[in-house]
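See below for final-v6.pdb, which holds PDB, C-alpha atoms, pLDDT in the B column.
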```pdb
ATOM      1  CA  HIS A  75      35.800  18.718 -38.712  1.00 53.00           C
ATOM      2  CA  PRO A  76      38.702  20.397 -36.932  1.00 60.00           C
ATOM      3  CA  MET A  77      37.929  23.969 -36.012  1.00 65.00           C
ATOM      4  CA  SER A  78      40.081  26.508 -37.781  1.00 65.00           C
ATOM      5  CA  ARG A  79      41.121  29.612 -35.933  1.00 72.00           C
ATOM      6  CA  ALA A  80      41.366  32.916 -37.681  1.00 70.00           C
ATOM      7  CA  GLN A  81      44.946  34.127 -37.585  1.00 69.00           C
ATOM      8  CA  PRO A  82      45.532  37.785 -36.762  1.00 73.00           C
ATOM      9  CA  VAL A  83      46.546  39.829 -39.770  1.00 78.00           C
ATOM     10  CA  GLN A  84      50.259  40.605 -39.828  1.00 91.00           C
ATOM     11  CA  HIS A  85      50.871  44.323 -40.234  1.00 96.00           C
ATOM     12  CA  VAL A  86      54.123  46.053 -41.220  1.00 97.00           C
ATOM     13  CA  ALA A  87      54.789  49.793 -41.106  1.00 98.00           C
ATOM     14  CA  GLN A  88      58.045  51.594 -41.852  1.00 98.00           C
ATOM     15  CA  THR A  89      59.066  55.159 -41.047  1.00 98.00           C
ATOM     16  CA  THR A  90      62.323  57.048 -41.544  1.00 98.00           C
ATOM     17  CA  PHE A  91      63.106  60.160 -39.522  1.00 98.00           C
ATOM     18  CA  THR A  92      66.118  62.418 -39.120  1.00 98.00           C
ATOM     19  CA  VAL A  93      67.936  63.303 -35.914  1.00 98.00           C
ATOM     20  CA  HIS A  94      70.087  66.440 -35.904  1.00 98.00           C
ATOM     21  CA  THR A  95      73.049  65.700 -33.646  1.00 98.00           C
ATOM     22  CA  ARG A  96      75.193  68.295 -31.932  1.00 97.00           C
ATOM     23  CA  GLY A  97      78.429  66.392 -32.421  1.00 97.00           C
ATOM     24  CA  ARG A  98      79.768  63.560 -30.328  1.00 97.00           C
ATOM     25  CA  SER A  99      77.000  62.793 -27.865  1.00 96.00           C
ATOM     26  CA  LEU A 100      74.072  60.533 -27.095  1.00 96.00           C
ATOM     27  CA  SER A 101      70.602  61.716 -28.122  1.00 97.00           C
ATOM     28  CA  GLU A 102      67.654  59.951 -26.553  1.00 97.00           C
ATOM     29  CA  ILE A 103      65.111  58.943 -29.221  1.00 98.00           C
ATOM     30  CA  THR A 104      62.777  56.840 -27.044  1.00 98.00           C
ATOM     31  CA  SER A 105      59.798  59.172 -27.432  1.00 98.00           C
ATOM     32  CA  LYS A 106      60.209  59.299 -31.237  1.00 98.00           C
ATOM     33  CA  ILE A 107      60.331  55.478 -31.369  1.00 98.00           C
ATOM     34  CA  ALA A 108      57.162  55.386 -29.223  1.00 98.00           C
ATOM     35  CA  GLU A 109      55.426  57.807 -31.641  1.00 98.00           C
ATOM     36  CA  VAL A 110      56.362  55.639 -34.628  1.00 98.00           C
ATOM     37  CA  VAL A 111      55.183  52.462 -32.876  1.00 98.00           C
ATOM     38  CA  SER A 112      51.882  54.086 -31.875  1.00 98.00           C
ATOM     39  CA  ALA A 113      51.254  55.366 -35.417  1.00 98.00           C
ATOM     40  CA  SER A 114      52.002  51.919 -36.893  1.00 98.00           C
ATOM     41  CA  GLY A 115      48.791  50.400 -35.563  1.00 97.00           C
ATOM     42  CA  VAL A 116      50.714  47.364 -34.277  1.00 98.00           C
ATOM     43  CA  ALA A 117      49.596  46.274 -30.792  1.00 98.00           C
ATOM     44  CA  THR A 118      51.895  43.266 -30.328  1.00 98.00           C
ATOM     45  CA  GLY A 119      55.067  42.665 -32.291  1.00 98.00           C
ATOM     46  CA  ILE A 120      58.560  44.021 -32.764  1.00 98.00           C
ATOM     47  CA  ALA A 121      60.106  47.356 -33.670  1.00 98.00           C
ATOM     48  CA  HIS A 122      63.382  47.121 -35.568  1.00 98.00           C
ATOM     49  CA  VAL A 123      65.433  50.340 -35.409  1.00 99.00           C
ATOM     50  CA  PHE A 124      68.293  50.969 -37.876  1.00 98.00           C
ATOM     51  CA  VAL A 125      70.629  53.949 -38.308  1.00 98.00           C
ATOM     52  CA  GLN A 126      71.807  54.421 -41.899  1.00 98.00           C
ATOM     53  CA  HIS A 127      75.354  55.582 -41.149  1.00 98.00           C
ATOM     54  CA  THR A 128      78.833  54.186 -40.430  1.00 98.00           C
ATOM     55  CA  SER A 129      79.871  56.713 -37.780  1.00 98.00           C
ATOM     56  CA  ALA A 130      76.789  56.699 -35.551  1.00 98.00           C
ATOM     57  CA  SER A 131      75.107  53.874 -33.678  1.00 98.00           C
ATOM     58  CA  LEU A 132      72.157  52.862 -31.541  1.00 98.00           C
ATOM     59  CA  LEU A 133      72.022  51.567 -28.018  1.00 97.00           C
ATOM     60  CA  ILE A 134      69.637  50.897 -25.177  1.00 98.00           C
ATOM     61  CA  GLY A 135      70.892  52.306 -21.908  1.00 96.00           C
ATOM     62  CA  GLU A 136      69.890  53.982 -18.692  1.00 96.00           C
ATOM     63  CA  ASN A 137      67.926  57.173 -19.265  1.00 94.00           C
ATOM     64  CA  ALA A 138      67.436  58.316 -15.658  1.00 93.00           C
ATOM     65  CA  ASP A 139      70.878  59.549 -14.595  1.00 95.00           C
ATOM     66  CA  PRO A 140      72.768  61.815 -17.053  1.00 91.00           C
ATOM     67  CA  THR A 141      76.106  60.786 -15.557  1.00 95.00           C
ATOM     68  CA  VAL A 142      75.658  57.388 -17.245  1.00 95.00           C
ATOM     69  CA  VAL A 143      76.001  58.868 -20.740  1.00 91.00           C
ATOM     70  CA  ALA A 144      78.976  60.983 -19.618  1.00 93.00           C
ATOM     71  CA  ASP A 145      80.618  57.850 -18.195  1.00 96.00           C
ATOM     72  CA  LEU A 146      79.969  55.971 -21.448  1.00 95.00           C
ATOM     73  CA  GLU A 147      81.691  58.715 -23.425  1.00 94.00           C
ATOM     74  CA  ARG A 148      84.710  58.694 -21.088  1.00 95.00           C
ATOM     75  CA  PHE A 149      84.919  54.913 -21.443  1.00 97.00           C
ATOM     76  CA  PHE A 150      84.840  55.080 -25.257  1.00 97.00           C
ATOM     77  CA  ALA A 151      87.414  57.906 -25.254  1.00 96.00           C
ATOM     78  CA  ARG A 152      89.749  55.557 -23.414  1.00 97.00           C
ATOM     79  CA  LEU A 153      88.830  52.481 -25.475  1.00 97.00           C
ATOM     80  CA  VAL A 154      88.987  54.114 -28.937  1.00 97.00           C
ATOM     81  CA  PRO A 155      90.966  57.380 -28.686  1.00 97.00           C
ATOM     82  CA  ASP A 156      90.856  59.927 -31.495  1.00 97.00           C
ATOM     83  CA  GLY A 157      94.055  60.198 -33.514  1.00 95.00           C
ATOM     84  CA  ASP A 158      95.350  56.745 -32.511  1.00 95.00           C
ATOM     85  CA  ALA A 159      98.437  55.946 -34.620  1.00 95.00           C
ATOM     86  CA  LEU A 160      96.998  52.456 -35.159  1.00 95.00           C
ATOM     87  CA  PHE A 161      94.547  53.866 -37.708  1.00 96.00           C
ATOM     88  CA  HIS A 162      95.451  54.708 -41.314  1.00 94.00           C
ATOM     89  CA  HIS A 163      91.945  55.837 -42.372  1.00 95.00           C
ATOM     90  CA  ARG A 164      91.887  59.564 -41.572  1.00 93.00           C
ATOM     91  CA  ASP A 165      90.115  60.973 -44.634  1.00 93.00           C
ATOM     92  CA  GLU A 166      87.868  63.222 -42.526  1.00 94.00           C
ATOM     93  CA  GLY A 167      90.123  63.861 -39.547  1.00 95.00           C
ATOM     94  CA  PRO A 168      91.396  62.180 -36.390  1.00 96.00           C
ATOM     95  CA  ASP A 169      87.875  61.177 -35.264  1.00 97.00           C
ATOM     96  CA  ASP A 170      87.062  59.424 -38.584  1.00 96.00           C
ATOM     97  CA  MET A 171      88.266  55.860 -37.985  1.00 97.00           C
ATOM     98  CA  PRO A 172      87.520  55.933 -34.232  1.00 98.00           C
ATOM     99  CA  ALA A 173      83.908  56.834 -35.157  1.00 98.00           C
ATOM    100  CA  HIS A 174      83.716  53.757 -37.395  1.00 97.00           C
ATOM    101  CA  VAL A 175      85.161  51.508 -34.661  1.00 98.00           C
ATOM    102  CA  ARG A 176      82.742  52.890 -32.065  1.00 98.00           C
ATOM    103  CA  SER A 177      79.850  52.260 -34.466  1.00 98.00           C
ATOM    104  CA  VAL A 178      80.903  48.663 -35.057  1.00 97.00           C
ATOM    105  CA  LEU A 179      81.297  48.035 -31.312  1.00 97.00           C
ATOM    106  CA  THR A 180      77.916  49.463 -30.354  1.00 97.00           C
ATOM    107  CA  GLY A 181      75.873  48.439 -33.418  1.00 98.00           C
ATOM    108  CA  VAL A 182      73.677  50.109 -36.018  1.00 98.00           C
ATOM    109  CA  SER A 183      70.424  48.273 -35.302  1.00 98.00           C
ATOM    110  CA  LEU A 184      68.368  46.994 -32.423  1.00 98.00           C
ATOM    111  CA  SER A 185      64.985  45.410 -31.819  1.00 98.00           C
ATOM    112  CA  VAL A 186      62.441  46.333 -29.166  1.00 98.00           C
ATOM    113  CA  PRO A 187      59.331  44.282 -28.347  1.00 98.00           C
ATOM    114  CA  VAL A 188      55.983  46.018 -28.879  1.00 98.00           C
ATOM    115  CA  HIS A 189      53.242  45.410 -26.306  1.00 98.00           C
ATOM    116  CA  ASN A 190      49.867  47.207 -26.156  1.00 98.00           C
ATOM    117  CA  GLY A 191      51.012  49.502 -28.961  1.00 98.00           C
ATOM    118  CA  LYS A 192      54.094  50.722 -27.069  1.00 98.00           C
ATOM    119  CA  PRO A 193      57.794  49.829 -26.997  1.00 98.00           C
ATOM    120  CA  LEU A 194      58.294  47.357 -24.154  1.00 98.00           C
ATOM    121  CA  LEU A 195      61.304  48.859 -22.390  1.00 98.00           C
ATOM    122  CA  GLY A 196      62.384  48.476 -18.787  1.00 97.00           C
ATOM    123  CA  THR A 197      61.749  51.239 -16.248  1.00 96.00           C
ATOM    124  CA  TRP A 198      65.140  52.930 -16.735  1.00 96.00           C
ATOM    125  CA  GLN A 199      65.788  51.942 -20.360  1.00 97.00           C
ATOM    126  CA  GLY A 200      65.941  54.453 -23.171  1.00 97.00           C
ATOM    127  CA  VAL A 201      66.867  54.202 -26.859  1.00 98.00           C
ATOM    128  CA  PHE A 202      69.764  56.436 -27.853  1.00 98.00           C
ATOM    129  CA  LEU A 203      71.416  57.554 -31.067  1.00 98.00           C
ATOM    130  CA  TYR A 204      75.148  57.761 -30.403  1.00 98.00           C
ATOM    131  CA  GLU A 205      76.904  60.292 -32.631  1.00 98.00           C
ATOM    132  CA  HIS A 206      80.591  59.385 -32.878  1.00 98.00           C
ATOM    133  CA  ARG A 207      81.850  62.353 -34.924  1.00 98.00           C
ATOM    134  CA  HIS A 208      82.811  65.687 -33.346  1.00 97.00           C
ATOM    135  CA  GLU A 209      80.860  67.717 -35.910  1.00 98.00           C
ATOM    136  CA  ALA A 210      77.066  67.957 -35.925  1.00 98.00           C
ATOM    137  CA  HIS A 211      75.344  65.650 -38.440  1.00 98.00           C
ATOM    138  CA  GLN A 212      71.911  64.717 -39.700  1.00 98.00           C
ATOM    139  CA  ARG A 213      71.341  61.005 -39.083  1.00 98.00           C
ATOM    140  CA  LYS A 214      68.575  58.973 -40.716  1.00 98.00           C
ATOM    141  CA  ILE A 215      66.888  56.297 -38.642  1.00 98.00           C
ATOM    142  CA  THR A 216      64.457  53.748 -40.086  1.00 98.00           C
ATOM    143  CA  VAL A 217      61.978  52.011 -37.806  1.00 98.00           C
ATOM    144  CA  THR A 218      60.129  48.946 -39.104  1.00 98.00           C
ATOM    145  CA  VAL A 219      57.269  47.808 -36.885  1.00 98.00           C
ATOM    146  CA  SER A 220      55.687  44.421 -37.533  1.00 98.00           C
ATOM    147  CA  GLY A 221      53.070  42.423 -35.706  1.00 98.00           C
ATOM    148  CA  HIS A 222      49.333  42.553 -35.212  1.00 96.00           C
TER     149      HIS A 222
END
```

Using the file provided, produce a representation of the structure as structure tokens.
Amino acid sequence: HPMSRAQPVQHVAQTTFTVHTRGRSLSEITSKIAEVVSASGVATGIAHVFVQHTSASLLIGENADPTVVADLERFFARLVPDGDALFHHRDEGPDDMPAHVRSVLTGVSLSVPVHNGKPLLGTWQGVFLYEHRHEAHQRKITVTVSGH
């Protein structure tokens, strides 16, 4: 008789929260992601993070030196300038289409490993919501944590 091993029970938890942005900027949400992961009861697995908008995005970047986020914004201002004559979609102003392009380039979802009930990030890594519009917005983020 071959011995059968009990498989750990797969667990899935999902939480949606809102981030109030102050206009075009990066908001670190690492601690909120850690709270959601901890509350999920998952010790080992994956946290999938998704922002439900077309003019905001998510990224993992350095969270130790604030000049990094300022440099990122200067880079994107050069890469995708507001009011570029290339764009026809301007329904909500000169930052409308550039916000969509920035979102596509940086992405609306990411995955973070979960280890010992915590997001497994590097020493200087943080999770950021990147607001691409000039006006303040309320952005919904859904985190799905799965594992055991």

Just so the selection is clear, what residues does the PyMOL selection byres ((chain A and resi 164-169) around 10) cover here, as an NGL selection string?
:A and (98 or 129 or 154-159 or 161-163 or 170-174 or 206-209)

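The closest residue to Ser177 in chain A, picked from A:Leu132, A:Val111, A:Val83, A:Val93 and counting all atoms listed in the file, is A:Leu132.
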
Need the axis-aligned box for range 180-197 of chain A with 4 Å each side, so what are the centre and edges in Å to one decimal, as JSON?
```
{"center_x": 63.9, "center_y": 47.8, "center_z": -26.1, "size_x": 36.0, "size_y": 15.0, "size_z": 27.8}
```

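Omitting Ser131 in chain A and its sequence neighbours fewer than 3 positions away, and counting all atoms listed in the file, the residues within 7 Å are Val125, Ser177, Thr180, Gly181, Val182, Leu203, Tyr204 and Glu205 of chain A.
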
Would you mind listing what lies within 12 Å of Gly196 in chain A as a ChimeraX atom specification, with all atoms listed in the file counted and same-chain residues fewer than 5 positions away left out?
/A:104,134-138,186-187,201

Write out as an MDAnalysis selection string each polymer residue whose atoms come within 8 Å of Ile120 in chain A, counting all atoms listed in the file; drop sequence neighbours fewer than 5 positions from it.
chainID A and resid 185:188 219:221

Please write the residues picked by the PyMOL selection byres ((chain A and resi 214) around 8) on this file as a PyMOL selection string.
chain A and resi 90-93+125-127+212-213+215-216

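CA of His189 in chain A is found 10.4 Å from CA of Ser112 in chain A.
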
Nearest residue to Arg152 in chain A out of A:Asp139, A:Leu184, A:Arg176, A:His222, using all atoms listed in the file?
A:Arg176

When you count all atoms listed in the file, which of these residues is closest to Ala113 in chain A: A:Ala87, A:Leu100, A:Ala130, A:Ala151?
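Ranking A:Ala87, A:Leu100, A:Ala130, A:Ala151 by distance to Ala113 in chain A, first place goes to A:Ala87.
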
Please indicate the distance in Å from CA of Pro193 in chain A to CA of Ala80 in chain A, rounded to one decimal place.
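Distance reported for this atom pair: 25.9 Å.
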
Any idea what the distance is between CA of Ser101 in chain A and CA of Ala210 in chain A?
11.9 Å

Reconstruct range 208-221 of chain A at the level of N, CA, C and O atoms, and format the result as a PDB file, keeping the file's coordinate frame.
```pdb
ATOM      1  N   HIS A 208      82.803  64.442 -34.127  1.00 97.00           N
ATOM      2  CA  HIS A 208      82.811  65.687 -33.346  1.00 97.00           C
ATOM      3  C   HIS A 208      81.892  66.743 -33.939  1.00 97.00           C
ATOM      4  O   HIS A 208      81.344  67.566 -33.205  1.00 97.00           O
ATOM      5  N   GLU A 209      81.722  66.737 -35.249  1.00 98.00           N
ATOM      6  CA  GLU A 209      80.860  67.717 -35.910  1.00 98.00           C
ATOM      7  C   GLU A 209      79.403  67.273 -35.832  1.00 98.00           C
ATOM      8  O   GLU A 209      79.103  66.085 -35.774  1.00 98.00           O
ATOM      9  N   ALA A 210      78.497  68.251 -35.878  1.00 98.00           N
ATOM     10  CA  ALA A 210      77.066  67.957 -35.925  1.00 98.00           C
ATOM     11  C   ALA A 210      76.723  67.284 -37.251  1.00 98.00           C
ATOM     12  O   ALA A 210      77.344  67.575 -38.283  1.00 98.00           O
ATOM     13  N   HIS A 211      75.777  66.368 -37.234  1.00 98.00           N
ATOM     14  CA  HIS A 211      75.344  65.650 -38.440  1.00 98.00           C
ATOM     15  C   HIS A 211      73.823  65.483 -38.423  1.00 98.00           C
ATOM     16  O   HIS A 211      73.184  65.623 -37.391  1.00 98.00           O
ATOM     17  N   GLN A 212      73.309  65.131 -39.583  1.00 98.00           N
ATOM     18  CA  GLN A 212      71.911  64.717 -39.700  1.00 98.00           C
ATOM     19  C   GLN A 212      71.931  63.204 -39.928  1.00 98.00           C
ATOM     20  O   GLN A 212      72.499  62.738 -40.911  1.00 98.00           O
ATOM     21  N   ARG A 213      71.314  62.472 -39.029  1.00 98.00           N
ATOM     22  CA  ARG A 213      71.341  61.005 -39.083  1.00 98.00           C
ATOM     23  C   ARG A 213      69.937  60.478 -39.362  1.00 98.00           C
ATOM     24  O   ARG A 213      68.960  60.850 -38.710  1.00 98.00           O
ATOM     25  N   LYS A 214      69.855  59.584 -40.362  1.00 98.00           N
ATOM     26  CA  LYS A 214      68.575  58.973 -40.716  1.00 98.00           C
ATOM     27  C   LYS A 214      68.404  57.661 -39.979  1.00 98.00           C
ATOM     28  O   LYS A 214      69.298  56.814 -39.955  1.00 98.00           O
ATOM     29  N   ILE A 215      67.226  57.502 -39.389  1.00 98.00           N
ATOM     30  CA  ILE A 215      66.888  56.297 -38.642  1.00 98.00           C
ATOM     31  C   ILE A 215      65.598  55.728 -39.238  1.00 98.00           C
ATOM     32  O   ILE A 215      64.620  56.453 -39.421  1.00 98.00           O
ATOM     33  N   THR A 216      65.640  54.437 -39.557  1.00 98.00           N
ATOM     34  CA  THR A 216      64.457  53.748 -40.086  1.00 98.00           C
ATOM     35  C   THR A 216      63.936  52.792 -39.028  1.00 98.00           C
ATOM     36  O   THR A 216      64.695  52.001 -38.468  1.00 98.00           O
ATOM     37  N   VAL A 217      62.635  52.903 -38.762  1.00 98.00           N
ATOM     38  CA  VAL A 217      61.978  52.011 -37.806  1.00 98.00           C
ATOM     39  C   VAL A 217      60.964  51.186 -38.575  1.00 98.00           C
ATOM     40  O   VAL A 217      60.094  51.727 -39.258  1.00 98.00           O
ATOM     41  N   THR A 218      61.083  49.861 -38.488  1.00 98.00           N
ATOM     42  CA  THR A 218      60.129  48.946 -39.104  1.00 98.00           C
ATOM     43  C   THR A 218      59.407  48.229 -37.976  1.00 98.00           C
ATOM     44  O   THR A 218      60.027  47.576 -37.137  1.00 98.00           O
ATOM     45  N   VAL A 219      58.086  48.406 -37.944  1.00 98.00           N
ATOM     46  CA  VAL A 219      57.269  47.808 -36.885  1.00 98.00           C
ATOM     47  C   VAL A 219      56.427  46.710 -37.531  1.00 98.00           C
ATOM     48  O   VAL A 219      55.727  46.960 -38.529  1.00 98.00           O
ATOM     49  N   SER A 220      56.492  45.506 -36.981  1.00 98.00           N
ATOM     50  CA  SER A 220      55.687  44.421 -37.533  1.00 98.00           C
ATOM     51  C   SER A 220      55.016  43.673 -36.388  1.00 98.00           C
ATOM     52  O   SER A 220      55.518  43.597 -35.278  1.00 98.00           O
ATOM     53  N   GLY A 221      53.856  43.158 -36.697  1.00 98.00           N
ATOM     54  CA  GLY A 221      53.070  42.423 -35.706  1.00 98.00           C
ATOM     55  C   GLY A 221      51.598  42.521 -36.030  1.00 98.00           C
ATOM     56  O   GLY A 221      51.207  42.665 -37.182  1.00 98.00           O
TER      57      GLY A 221
END
```
